[in-house]
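Below is entry_22.json, which holds JSON, C-alpha atoms.
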[["chain", "number", "residue", "atom", "x", "y", "z"],
["A", 1, "ILE", "CA", -26.22, 41.44, 51.91],
["A", 2, "THR", "CA", -28.91, 40.54, 49.40],
["A", 3, "SER", "CA", -29.78, 37.23, 51.04],
["A", 4, "ILE", "CA", -30.22, 38.92, 54.43],
["A", 5, "SER", "CA", -32.07, 41.97, 53.15],
["A", 6, "ASN", "CA", -34.55, 39.80, 51.25],
["A", 7, "LYS", "CA", -35.67, 38.34, 54.59],
["A", 8, "ILE", "CA", -36.38, 41.81, 56.01],
["A", 9, "PRO", "CA", -39.06, 44.15, 54.60],
["A", 10, "LEU", "CA", -36.73, 46.87, 53.29],
["A", 11, "ASN", "CA", -37.12, 49.20, 50.36],
["A", 12, "GLU", "CA", -34.71, 49.00, 47.46],
["A", 13, "LYS", "CA", -32.93, 52.23, 48.40],
["A", 14, "ILE", "CA", -31.76, 50.73, 51.70],
["A", 15, "LYS", "CA", -30.61, 47.53, 49.99],
["A", 16, "TYR", "CA", -28.71, 49.57, 47.42],
["A", 17, "ASN", "CA", -27.11, 51.76, 50.12],
["A", 18, "ALA", "CA", -26.06, 48.69, 52.12],
["A", 19, "ILE", "CA", -24.35, 47.19, 49.08],
["A", 20, "LYS", "CA", -22.66, 50.52, 48.36],
["A", 21, "ILE", "CA", -21.41, 50.77, 51.94],
["A", 22, "MET", "CA", -20.10, 47.19, 51.87],
["A", 23, "ARG", "CA", -18.20, 47.84, 48.64],
["A", 24, "TRP", "CA", -16.79, 51.07, 50.06],
["A", 25, "ILE", "CA", -15.58, 49.30, 53.21],
["A", 26, "MET", "CA", -14.07, 46.45, 51.17],
["A", 27, "ASN", "CA", -12.15, 48.95, 49.04],
["A", 28, "ASN", "CA", -11.00, 51.28, 51.82],
["A", 29, "TYR", "CA", -10.96, 49.30, 55.07],
["A", 30, "SER", "CA", -10.58, 45.68, 54.01],
["A", 31, "ILE", "CA", -8.04, 45.03, 56.78],
["A", 32, "ILE", "CA", -10.71, 45.26, 59.50],
["A", 33, "LEU", "CA", -12.80, 42.61, 57.71],
["A", 34, "ASN", "CA", -10.07, 39.99, 57.88],
["A", 35, "GLY", "CA", -11.02, 37.05, 60.07],
["A", 36, "LYS", "CA", -14.53, 38.36, 60.71],
["A", 37, "ASN", "CA", -17.77, 36.54, 59.97],
["A", 38, "PRO", "CA", -19.04, 38.17, 56.76],
["A", 39, "MET", "CA", -22.70, 37.51, 57.63],
["A", 40, "ILE", "CA", -22.39, 39.47, 60.88],
["A", 41, "THR", "CA", -20.65, 42.31, 59.05],
["A", 42, "ALA", "CA", -23.38, 42.34, 56.40],
["A", 43, "GLY", "CA", -26.04, 42.43, 59.12],
["A", 44, "ALA", "CA", -24.34, 45.37, 60.84],
["A", 45, "ILE", "CA", -24.12, 47.23, 57.53],
["A", 46, "ILE", "CA", -27.81, 46.62, 56.81],
["A", 47, "TYR", "CA", -28.60, 47.96, 60.28],
["A", 48, "TYR", "CA", -26.47, 51.05, 59.57],
["A", 49, "ALA", "CA", -28.15, 51.61, 56.18],
["A", 50, "CYS", "CA", -31.54, 51.52, 57.90],
["A", 51, "LEU", "CA", -30.37, 54.11, 60.43],
["A", 52, "LEU", "CA", -29.15, 56.37, 57.62],
["A", 53, "ASN", "CA", -32.50, 56.16, 55.87],
["A", 54, "LYS", "CA", -34.47, 56.65, 59.10],
["A", 55, "GLN", "CA", -36.19, 53.28, 58.86],
["A", 56, "HIS", "CA", -36.64, 51.68, 62.25],
["A", 57, "ILE", "CA", -35.37, 48.13, 62.35],
["A", 58, "SER", "CA", -34.38, 46.24, 65.45],
["A", 59, "GLN", "CA", -31.03, 44.59, 65.97],
["A", 60, "ARG", "CA", -33.03, 41.55, 67.05],
["A", 61, "LEU", "CA", -34.68, 41.23, 63.62],
["A", 62, "VAL", "CA", -31.36, 41.60, 61.80],
["A", 63, "ALA", "CA", -29.72, 39.08, 64.14],
["A", 64, "TYR", "CA", -32.57, 36.61, 63.61],
["A", 65, "CYS", "CA", -32.26, 36.89, 59.82],
["A", 66, "VAL", "CA", -28.49, 36.46, 59.98],
["A", 67, "GLY", "CA", -28.73, 33.60, 62.46],
["A", 68, "VAL", "CA", -26.61, 35.13, 65.22],
["A", 69, "SER", "CA", -27.21, 36.91, 68.51],
["A", 70, "GLU", "CA", -28.11, 40.58, 68.89],
["A", 71, "VAL", "CA", -24.85, 41.11, 70.74],
["A", 72, "SER", "CA", -22.88, 40.00, 67.67],
["A", 73, "ILE", "CA", -24.63, 42.55, 65.45],
["A", 74, "ARG", "CA", -24.25, 45.28, 68.08],
["A", 75, "LYS", "CA", -20.55, 44.61, 68.64],
["A", 76, "ARG", "CA", -19.74, 44.55, 64.92],
["A", 77, "PHE", "CA", -21.75, 47.73, 64.35],
["A", 78, "ILE", "CA", -19.87, 49.50, 67.16],
["A", 79, "GLU", "CA", -16.55, 48.16, 65.87],
["A", 80, "LEU", "CA", -17.27, 49.44, 62.36],
["A", 81, "LYS", "CA", -18.56, 52.77, 63.67],
["A", 82, "GLU", "CA", -15.38, 53.32, 65.71],
["A", 83, "ASN", "CA", -12.90, 52.25, 63.03],
["A", 84, "VAL", "CA", -14.52, 53.39, 59.79],
["A", 85, "SER", "CA", -15.45, 56.91, 58.80],
["A", 86, "PHE", "CA", -18.67, 56.01, 57.06],
["A", 87, "PRO", "CA", -19.69, 58.03, 54.03],
["A", 88, "MET", "CA", -23.04, 59.75, 54.14],
["A", 89, "ILE", "CA", -24.78, 57.70, 51.47],
["A", 90, "CYS", "CA", -28.43, 58.63, 51.15]]
Please express what this file holds, its structure, as structure tokens.
Amino acid sequence: ITSISNKIPLNEKIKYNAIKIMRWIMNNYSIILNGKNPMITAGAIIYYACLLNKQHISQRLVAYCVGVSEVSIRKRFIELKENVSFPMIC
């Protein structure tokens, strides 16, 4: 998460929230991470952390920084949103 978020102009609160969310998912929902590209998952979590903190960031920018397509970020974000009850971390 840190390597991706350093490429995007984000404040420290968003970076911290993204790391917190990733740890929470790893502890509570690690089964849905099995066999998934961790960079795409990290990108989707950064995108989610930005949404929580009301900072506009495009999926295109996140995908570019991760090195994947926008569709990959979008699909993983939707997959996480449907399968994980995200905590309200703000």
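One finds atom CA of Ile31 of chain A at 26.8 Å from atom CA of Tyr64 of chain A.
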May I have the residues within 12 Å of Leu33 of chain A as a ChimeraX atom specification, using only C-alpha atoms and disregarding those fewer than 4 positions away in the same chain?
/A:22-23,25-29,37-42,76,79-80,83-84
Mind dumping the selected residues with C-alpha atoms as a JSON list (two decimals), keeping the file's coordinate frame?
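Below is the file that was written, again_3.json:
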[["chain", "number", "residue", "atom", "x", "y", "z"],
["A", 22, "MET", "CA", -20.10, 47.19, 51.87],
["A", 23, "ARG", "CA", -18.20, 47.84, 48.64],
["A", 25, "ILE", "CA", -15.58, 49.30, 53.21],
["A", 26, "MET", "CA", -14.07, 46.45, 51.17],
["A", 27, "ASN", "CA", -12.15, 48.95, 49.04],
["A", 28, "ASN", "CA", -11.00, 51.28, 51.82],
["A", 29, "TYR", "CA", -10.96, 49.30, 55.07],
["A", 37, "ASN", "CA", -17.77, 36.54, 59.97],
["A", 38, "PRO", "CA", -19.04, 38.17, 56.76],
["A", 39, "MET", "CA", -22.70, 37.51, 57.63],
["A", 40, "ILE", "CA", -22.39, 39.47, 60.88],
["A", 41, "THR", "CA", -20.65, 42.31, 59.05],
["A", 42, "ALA", "CA", -23.38, 42.34, 56.40],
["A", 76, "ARG", "CA", -19.74, 44.55, 64.92],
["A", 79, "GLU", "CA", -16.55, 48.16, 65.87],
["A", 80, "LEU", "CA", -17.27, 49.44, 62.36],
["A", 83, "ASN", "CA", -12.90, 52.25, 63.03],
["A", 84, "VAL", "CA", -14.52, 53.39, 59.79]]
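Atom CA of Ser72 of chain A is found 22.0 Å from atom CA of Lys20 of chain A.
Here atom CA of Gln59 of chain A is placed at a distance of 6.7 Å from atom CA of Ile73 of chain A.
Between Ala44 of chain A and the candidates A:Ser58, A:Ile8, A:Arg74, A:Ser3, the tightest atom-to-atom separation, counting all atoms listed in the file, involves A:Arg74.
Restricting the calculation to only C-alpha atoms, the smallest distance between Asn6 of chain A and any of A:Ile21, A:Ile45, A:Cys65, A:Leu51 is found for A:Cys65.
Distances here use all atoms listed in the file; by that measure, the residue among A:Glu70, A:Trp24, A:Ala18, A:Leu10 closest to Ser85 of chain A is A:Trp24.
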Which of these residues is nearest to Ile78 of chain A, using only C-alpha atoms: A:Tyr47, A:Gly35, A:Glu12, A:Ser30?
A:Tyr47
Do a neighbour search on Lys54 of chain A at 12 Å with only C-alpha atoms, toss out local chain neighbours closer than 5 positions, and write the hits as a ChimeraX atom specification.
/A:10-11,13-14,47-49,90
I need the residue nearest Lys15 of chain A from this list: A:Lys81, A:Leu52, A:Val66, A:Lys36. Use only C-alpha atoms for the distance.
A:Leu52
From the set A:Ile19, A:Gly43, A:Ile32, A:His56, which residue has the shortest atom-to-atom contact distance to Glu82 of chain A, counting all atoms listed in the file?
A:Ile32
